[in-house]
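Pasting start-v3.tsv here (TSV, C-alpha atoms and all ligand atoms):
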```
chain	number	residue	atom	x	y	z
A	1	MET	CA	0.00	0.00	0.00
A	2	VAL	CA	1.02	3.57	-0.63
A	3	ILE	CA	0.72	6.20	2.09
A	4	LEU	CA	0.82	9.92	1.34
A	5	ILE	CA	1.82	12.23	4.19
A	6	VAL	CA	1.57	15.98	3.70
A	7	GLY	CA	3.44	18.56	5.81
A	8	ASP	CA	1.68	21.37	7.69
A	9	VAL	CA	-0.98	22.75	5.31
A	10	PHE	CA	-0.78	26.49	5.91
A	11	SER	CA	-3.70	28.89	5.33
A	12	LYS	CA	-5.14	29.81	1.91
A	13	LEU	CA	-2.11	29.12	-0.29
A	14	GLY	CA	-1.53	25.83	1.51
A	15	ARG	CA	-5.10	24.68	1.02
A	16	GLU	CA	-5.04	25.54	-2.68
A	17	SER	CA	-1.68	23.81	-3.13
A	18	PHE	CA	-2.87	20.73	-1.25
A	19	GLU	CA	-5.95	20.25	-3.41
A	20	ARG	CA	-4.07	20.82	-6.66
A	21	ASN	CA	-1.18	18.49	-5.82
A	22	LEU	CA	-3.35	15.79	-4.32
A	23	LYS	CA	-5.16	15.51	-7.64
A	24	ARG	CA	-1.85	15.31	-9.53
A	25	ILE	CA	-0.30	12.73	-7.18
A	26	ARG	CA	-3.41	10.57	-7.33
A	27	GLU	CA	-3.19	10.55	-11.11
A	28	GLN	CA	0.46	9.40	-10.91
A	29	HIS	CA	0.32	7.00	-7.94
A	30	LYS	CA	-2.18	4.64	-6.44
A	31	VAL	CA	-2.52	6.30	-3.04
A	32	ASN	CA	-4.27	4.16	-0.41
A	33	PHE	CA	-4.02	6.20	2.75
A	34	ILE	CA	-3.58	9.92	3.38
A	35	ILE	CA	-2.34	11.73	6.49
A	36	VAL	CA	-2.13	15.53	6.67
A	37	ASN	CA	-0.80	17.86	9.34
A	38	GLY	CA	-3.50	20.50	9.78
A	39	GLU	CA	-2.30	22.59	12.73
A	40	ASN	CA	-1.93	25.70	10.51
A	41	THR	CA	-4.74	25.15	8.03
A	42	SER	CA	-7.14	27.86	9.25
A	43	HIS	CA	-5.51	31.31	9.00
A	44	GLY	CA	-2.11	29.83	9.91
A	45	ARG	CA	-3.05	28.86	13.43
A	46	GLY	CA	-5.30	25.93	14.26
A	47	LEU	CA	-8.06	24.16	12.37
A	48	ASN	CA	-11.76	24.95	12.10
A	49	GLU	CA	-14.54	22.46	11.35
A	50	LYS	CA	-15.10	23.65	7.80
A	51	HIS	CA	-11.49	22.97	6.84
A	52	PHE	CA	-11.42	19.68	8.73
A	53	LYS	CA	-14.49	18.46	6.83
A	54	TRP	CA	-12.93	19.70	3.61
A	55	PHE	CA	-9.90	17.45	4.26
A	56	LEU	CA	-12.20	14.47	4.82
A	57	SER	CA	-14.14	15.28	1.65
A	58	LEU	CA	-10.88	15.03	-0.30
A	59	GLY	CA	-10.23	11.54	1.05
A	60	VAL	CA	-7.88	12.32	3.95
A	61	HIS	CA	-7.94	9.54	6.55
A	62	VAL	CA	-6.23	11.28	9.49
A	63	VAL	CA	-5.45	14.93	10.27
A	64	THR	CA	-2.73	15.55	12.86
A	65	LEU	CA	-2.21	18.73	14.86
A	66	GLY	CA	0.66	19.97	17.07
A	67	ASN	CA	1.53	22.92	19.32
A	68	HIS	CA	-1.20	24.97	17.59
A	69	SER	CA	-3.90	22.36	18.34
A	70	TYR	CA	-6.12	24.73	20.31
A	71	HIS	CA	-5.16	28.12	18.84
A	72	ASN	CA	-8.47	28.19	16.98
A	73	LYS	CA	-11.00	27.70	19.78
A	74	ALA	CA	-13.58	26.40	17.28
A	75	ILE	CA	-11.78	23.05	17.40
A	76	LEU	CA	-13.11	22.43	20.89
A	77	GLU	CA	-16.57	22.01	19.39
A	78	PHE	CA	-15.64	18.98	17.29
A	79	ILE	CA	-12.28	17.55	18.43
A	80	GLU	CA	-13.90	15.05	20.81
A	81	SER	CA	-16.44	13.78	18.31
A	82	THR	CA	-14.26	12.59	15.46
A	83	PRO	CA	-11.88	9.62	15.27
A	84	ASN	CA	-9.93	11.19	12.40
A	85	LEU	CA	-8.25	14.05	14.25
A	86	VAL	CA	-5.17	13.52	16.42
A	87	ARG	CA	-3.35	15.89	18.79
A	88	PRO	CA	-0.09	15.05	20.60
A	89	TYR	CA	-0.47	11.91	22.72
A	90	ASN	CA	1.97	13.22	25.33
A	91	PHE	CA	-0.11	16.33	26.07
A	92	PRO	CA	-1.50	16.33	29.64
A	93	GLU	CA	-4.15	13.63	30.01
A	94	LYS	CA	-6.99	16.10	30.40
A	95	ALA	CA	-6.16	17.93	27.16
A	96	PRO	CA	-9.12	17.86	24.74
A	97	GLY	CA	-9.12	15.31	21.94
A	98	ARG	CA	-7.24	12.10	21.33
A	99	GLY	CA	-3.56	11.30	20.90
A	100	TYR	CA	-4.01	8.38	18.51
A	101	THR	CA	-6.54	6.78	16.26
A	102	THR	CA	-6.76	3.23	14.96
A	103	ILE	CA	-8.36	2.98	11.53
A	104	ASN	CA	-9.51	-0.29	10.03
A	105	TYR	CA	-8.29	-0.26	6.44
A	106	ASN	CA	-9.17	-3.37	4.41
A	107	GLY	CA	-8.84	-5.54	7.52
A	108	LEU	CA	-5.60	-3.88	8.65
A	109	LYS	CA	-5.36	-1.94	11.88
A	110	ILE	CA	-3.48	1.27	11.16
A	111	THR	CA	-2.66	3.36	14.22
A	112	VAL	CA	-1.67	6.98	13.64
A	113	PHE	CA	-0.41	8.89	16.64
A	114	GLN	CA	1.36	12.15	17.34
A	115	MET	CA	4.06	13.06	19.84
A	116	ILE	CA	5.30	16.55	20.60
A	117	GLY	CA	8.99	17.13	21.31
A	118	THR	CA	10.39	18.49	24.56
A	119	VAL	CA	13.10	20.83	23.19
A	120	PHE	CA	11.90	24.42	22.50
A	121	MET	CA	8.29	23.20	22.43
A	122	GLY	CA	6.86	24.53	25.69
A	123	GLU	CA	6.50	22.87	29.06
A	124	GLY	CA	4.09	20.46	30.69
A	125	ASN	CA	4.23	17.56	28.24
A	126	ALA	CA	5.30	14.03	29.10
A	127	SER	CA	8.31	12.27	27.58
A	128	PRO	CA	7.51	11.22	24.00
A	129	PHE	CA	9.76	8.19	24.53
A	130	GLU	CA	7.91	6.94	27.61
A	131	LYS	CA	4.48	7.72	26.19
A	132	THR	CA	5.26	5.87	22.96
A	133	GLU	CA	6.34	2.81	24.96
A	134	GLU	CA	3.01	3.02	26.79
A	135	LEU	CA	1.01	3.35	23.58
A	136	LEU	CA	2.76	0.43	21.88
A	137	LYS	CA	1.90	-1.78	24.88
A	138	GLN	CA	-1.70	-0.65	25.14
A	139	VAL	CA	-2.79	-0.31	21.52
A	140	PRO	CA	-2.49	-3.44	19.35
A	141	SER	CA	-2.02	-2.58	15.69
A	142	ASP	CA	-0.63	-3.91	12.42
A	143	LEU	CA	0.94	-0.63	11.36
A	144	TYR	CA	2.11	2.23	13.57
A	145	ILE	CA	2.65	5.68	12.10
A	146	CYS	CA	3.98	8.58	14.20
A	147	ASP	CA	3.92	12.31	13.50
A	148	PHE	CA	6.79	13.56	15.69
A	149	HIS	CA	6.06	17.27	16.01
A	150	ALA	CA	9.29	18.83	17.20
A	151	GLU	CA	11.83	21.59	16.71
A	152	ALA	CA	15.17	19.92	17.45
A	153	THR	CA	16.56	17.64	14.77
A	154	SER	CA	18.61	15.69	17.34
A	155	GLU	CA	15.50	14.84	19.35
A	156	LYS	CA	13.76	13.64	16.20
A	157	VAL	CA	16.68	11.48	15.05
A	158	ALA	CA	17.11	10.01	18.56
A	159	TYR	CA	13.41	9.14	18.71
A	160	ALA	CA	13.51	7.56	15.26
A	161	HIS	CA	16.48	5.32	16.06
A	162	TYR	CA	15.00	4.33	19.43
A	163	PHE	CA	11.72	3.21	17.81
A	164	ASP	CA	13.25	1.92	14.57
A	165	GLY	CA	11.57	-1.37	13.66
A	166	ARG	CA	8.72	-0.86	16.13
A	167	VAL	CA	7.01	2.22	14.68
A	168	GLN	CA	7.05	1.53	10.94
A	169	ILE	CA	6.71	5.13	9.75
A	170	ILE	CA	8.10	8.10	11.70
A	171	PHE	CA	7.78	11.52	10.11
A	172	GLY	CA	8.68	14.89	11.57
A	173	THR	CA	6.60	18.05	11.33
A	174	HIS	CA	6.57	21.55	12.86
A	175	THR	CA	9.65	23.34	11.48
A	176	HIS	CA	7.96	23.96	8.08
A	177	VAL	CA	11.35	23.37	6.47
A	178	PRO	CA	11.73	20.05	4.61
A	179	THR	CA	14.80	17.96	5.33
A	180	ALA	CA	16.69	15.91	2.74
A	181	ASP	CA	17.07	12.75	4.84
A	182	ALA	CA	14.07	10.59	3.89
A	183	ARG	CA	15.29	6.99	4.17
A	184	LEU	CA	14.75	3.53	5.55
A	185	LEU	CA	16.49	3.14	8.93
A	186	PRO	CA	18.62	0.04	9.77
A	187	LYS	CA	15.76	-1.86	11.40
A	188	GLY	CA	13.30	-0.99	8.64
A	189	SER	CA	11.32	2.08	9.69
A	190	ALA	CA	10.70	4.78	7.09
A	191	TYR	CA	11.86	8.15	8.42
A	192	ILE	CA	12.19	11.83	7.61
A	193	THR	CA	13.20	14.52	10.11
A	194	ASP	CA	10.71	17.03	8.71
A	195	VAL	CA	8.23	16.69	5.87
A	196	GLY	CA	8.11	20.50	5.52
A	197	MET	CA	5.12	22.73	4.82
A	198	THR	CA	2.45	23.09	2.19
A	199	GLY	CA	1.91	26.83	2.06
A	200	PRO	CA	3.35	30.20	1.04
A	201	LEU	CA	6.81	30.07	-0.47
A	202	ASP	CA	7.96	33.57	0.40
A	203	GLY	CA	6.62	34.04	3.90
A	204	ILE	CA	8.59	33.08	7.00
A	205	ILE	CA	7.23	29.70	8.10
A	206	GLY	CA	4.00	30.78	6.43
A	207	MET	CA	3.57	34.25	7.93
A	208	LYS	CA	4.17	37.60	6.18
A	209	LYS	CA	7.92	38.03	6.23
A	210	GLU	CA	8.01	41.71	7.30
A	211	ILE	CA	6.29	40.92	10.60
A	212	ILE	CA	8.82	38.27	11.54
A	213	ILE	CA	11.84	40.29	10.35
A	214	ASN	CA	10.66	43.25	12.44
A	215	ARG	CA	10.51	41.03	15.50
A	216	TYR	CA	14.20	40.33	15.11
A	217	LEU	CA	15.14	43.91	14.22
A	218	HIS	CA	12.97	45.92	16.60
A	219	GLN	CA	11.35	43.50	19.10
A	220	THR	CA	7.96	44.63	17.72
A	221	LYS	CA	5.14	42.18	18.20
A	222	ASP	CA	2.75	42.75	15.31
A	223	VAL	CA	0.00	40.16	14.98
A	224	PHE	CA	1.06	37.16	12.91
A	225	THR	CA	-0.62	37.38	9.52
A	226	PRO	CA	-0.45	34.58	6.95
A	227	GLU	CA	1.15	35.33	3.59
A	228	ASN	CA	-1.73	34.81	1.18
A	229	ASP	CA	-0.07	36.08	-2.02
A	230	GLY	CA	2.65	34.84	-4.30
A	231	LYS	CA	3.95	31.35	-4.96
A	232	SER	CA	3.32	28.30	-2.86
A	233	ARG	CA	5.21	25.14	-2.12
A	234	PHE	CA	3.97	21.62	-1.56
A	235	ASN	CA	5.94	19.29	0.72
A	236	ALA	CA	5.00	15.67	1.26
A	237	ILE	CA	6.35	12.14	1.41
A	238	LEU	CA	5.17	8.93	-0.19
A	239	VAL	CA	5.82	5.69	1.67
A	240	GLU	CA	5.26	2.29	0.11
A	241	VAL	CA	4.56	-0.51	2.58
A	242	ASP	CA	4.73	-4.22	1.70
A	243	ASP	CA	1.17	-5.59	1.82
A	244	LYS	CA	2.24	-8.89	3.42
A	245	THR	CA	5.04	-7.97	5.84
A	246	LEU	CA	3.80	-4.41	6.46
A	247	CYS	CA	7.42	-3.26	6.32
A	248	PRO	CA	8.19	-0.04	4.47
A	249	ILE	CA	9.86	-0.71	1.11
A	250	HIS	CA	10.43	2.83	-0.10
A	251	ILE	CA	10.15	6.44	1.03
A	252	LYS	CA	10.52	9.54	-1.09
A	253	SER	CA	10.00	13.26	-0.69
A	254	ILE	CA	7.75	15.19	-3.02
A	255	GLN	CA	8.26	18.92	-3.48
A	256	ALA	CA	6.52	21.30	-5.84
A	257	ILE	CA	6.87	25.07	-6.21
A	258	GLU	CA	4.13	26.78	-8.17
A	301	FE	FE	3.12	23.97	11.76
A	302	FE	FE	3.93	23.26	15.13
```
How does the structure come out when it is put into structure tokens?
Amino acid sequence: MVILIVGDVFSKLGRESFERNLKRIREQHKVNFIIVNGENTSHGRGLNEKHFKWFLSLGVHVVTLGNHSYHNKAILEFIESTPNLVRPYNFPEKAPGRGYTTINYNGLKITVFQMIGTVFMGEGNASPFEKTEELLKQVPSDLYICDFHAEATSEKVAYAHYFDGRVQIIFGTHTHVPTADARLLPKGSAYITDVGMTGPLDGIIGMKKEIIINRYLHQTKDVFTPENDGKSRFNAILVEVDDKTLCPIHIKSIQAIE
């Protein structure tokens, strides 16, 4: 089976790019299962119900979130009622929503979960290592897929090696910058440090660049505003998994600038 995983879909340009490229990729590849990071889909911060339903209408199986999970308060009205939306599993236990979902796909149990890193990612979250051990013990599944939402590349690589062979697909999100290290690890897991972002090409991690530059130059704190003009980029990975062994056979990055 072929699994498409798309990096943080960011605001208007990201949504347009996602829809356009999904159509193109589907024409080129037989895609069986789709995972999208949606923490920036609505105005750059968070996800509203309209955009969540739009993802589902396009055939997305699971939408993952991240540190922006609750930045759009509208999510609190539907996050508990859908099995297809996943926030970090190692958030405090009383945090709204779920940290994993197990989808039955043609008789296979596919578990998609998210962990948030501990370096430069805020306080109050449990160890992603310990919480993953817990989840693997408690949730039986044929295929485990982890969105590791983190800033530090070393934390992501350490996590990937530690769970190599036990979590079959480990993909990083959050930095919005794609890394060139998609590969199969020694014990068979498919891995990339960061898938990247699907959104504005010439913003700064999706926001209007002047606002961010002024923060560095003058310590001004203008409201973050998404860049909604200009070119966009599409960042994703395709992972092929052997139908019998459920081991990844191949992983490749997909990038498009339009
Ligand atoms: Fe993001
Ligand atoms: Fe993030």
Problem set entry | Selection as a ChimeraX atom specification: residues within 10 Å of ligand FE 302 (chain A) by all atoms listed in the file | /A:8,37-40,45-46,65-69,116,121,149-151,173-176
Exercise. When distances are computed from only C-alpha atoms and all ligand atoms, which of A:Lys94, A:Arg215, A:Lys231, A:His43 shows the smallest separation from ligand FE 301 (chain A)?
Worked result: A:His43
Exercise. Can you tell me, as a PyMOL selection string, which residues sit within 7 Å of (8.3, 4.0, 11.2) in the file's frame, using only C-alpha atoms?
Worked result: chain A and resi 144-146+164-170+189-191
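Closest to Ile254 of chain A among A:Pro178, A:Pro226, A:Pro200, A:Pro140 is A:Pro178, based on all atoms listed in the file.
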Please determine the residues with any atom at most 12 Å from (-13.6, 11.5, 16.2) (coordinates as given in the file, with all atoms listed in the file counting) and report them as a PDB file with C-alpha atoms, in the coordinates of the input.
```
ATOM      1  CA  PHE A  52     -11.420  19.680   8.730  1.00  0.00           C
ATOM      2  CA  LYS A  53     -14.490  18.460   6.830  1.00  0.00           C
ATOM      3  CA  LEU A  56     -12.200  14.470   4.820  1.00  0.00           C
ATOM      4  CA  HIS A  61      -7.940   9.540   6.550  1.00  0.00           C
ATOM      5  CA  VAL A  62      -6.230  11.280   9.490  1.00  0.00           C
ATOM      6  CA  VAL A  63      -5.450  14.930  10.270  1.00  0.00           C
ATOM      7  CA  ILE A  75     -11.780  23.050  17.400  1.00  0.00           C
ATOM      8  CA  LEU A  76     -13.110  22.430  20.890  1.00  0.00           C
ATOM      9  CA  GLU A  77     -16.570  22.010  19.390  1.00  0.00           C
ATOM     10  CA  PHE A  78     -15.640  18.980  17.290  1.00  0.00           C
ATOM     11  CA  ILE A  79     -12.280  17.550  18.430  1.00  0.00           C
ATOM     12  CA  GLU A  80     -13.900  15.050  20.810  1.00  0.00           C
ATOM     13  CA  SER A  81     -16.440  13.780  18.310  1.00  0.00           C
ATOM     14  CA  THR A  82     -14.260  12.590  15.460  1.00  0.00           C
ATOM     15  CA  PRO A  83     -11.880   9.620  15.270  1.00  0.00           C
ATOM     16  CA  ASN A  84      -9.930  11.190  12.400  1.00  0.00           C
ATOM     17  CA  LEU A  85      -8.250  14.050  14.250  1.00  0.00           C
ATOM     18  CA  VAL A  86      -5.170  13.520  16.420  1.00  0.00           C
ATOM     19  CA  ARG A  87      -3.350  15.890  18.790  1.00  0.00           C
ATOM     20  CA  PRO A  96      -9.120  17.860  24.740  1.00  0.00           C
ATOM     21  CA  GLY A  97      -9.120  15.310  21.940  1.00  0.00           C
ATOM     22  CA  ARG A  98      -7.240  12.100  21.330  1.00  0.00           C
ATOM     23  CA  GLY A  99      -3.560  11.300  20.900  1.00  0.00           C
ATOM     24  CA  TYR A 100      -4.010   8.380  18.510  1.00  0.00           C
ATOM     25  CA  THR A 101      -6.540   6.780  16.260  1.00  0.00           C
ATOM     26  CA  THR A 102      -6.760   3.230  14.960  1.00  0.00           C
ATOM     27  CA  ILE A 103      -8.360   2.980  11.530  1.00  0.00           C
TER      28      ILE A 103
END
```
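Minimum atom-to-atom distance to Arg183 of chain A, evaluated using only C-alpha atoms, belongs to A:Val239 out of A:Ala158, A:Val239, A:Lys131, A:Phe163.
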For this session: Have a look at A:Lys252, A:His71, A:Lys109, A:Lys156 and name the one nearest to ligand FE 301 (chain A); count all atoms listed in the file.
Result: A:His71
Exercise. For ligand FE 301 (chain A), which residue among A:Leu47, A:Leu136, A:Ile213, A:Ala126 is the nearest when counting only C-alpha atoms and all ligand atoms?
Worked result: A:Leu47
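Counting only C-alpha atoms and all ligand atoms and comparing A:Gly14, A:Gly107, A:Gly59, A:Gly44, the residue that lies closest to ligand FE 301 (chain A) is A:Gly44.
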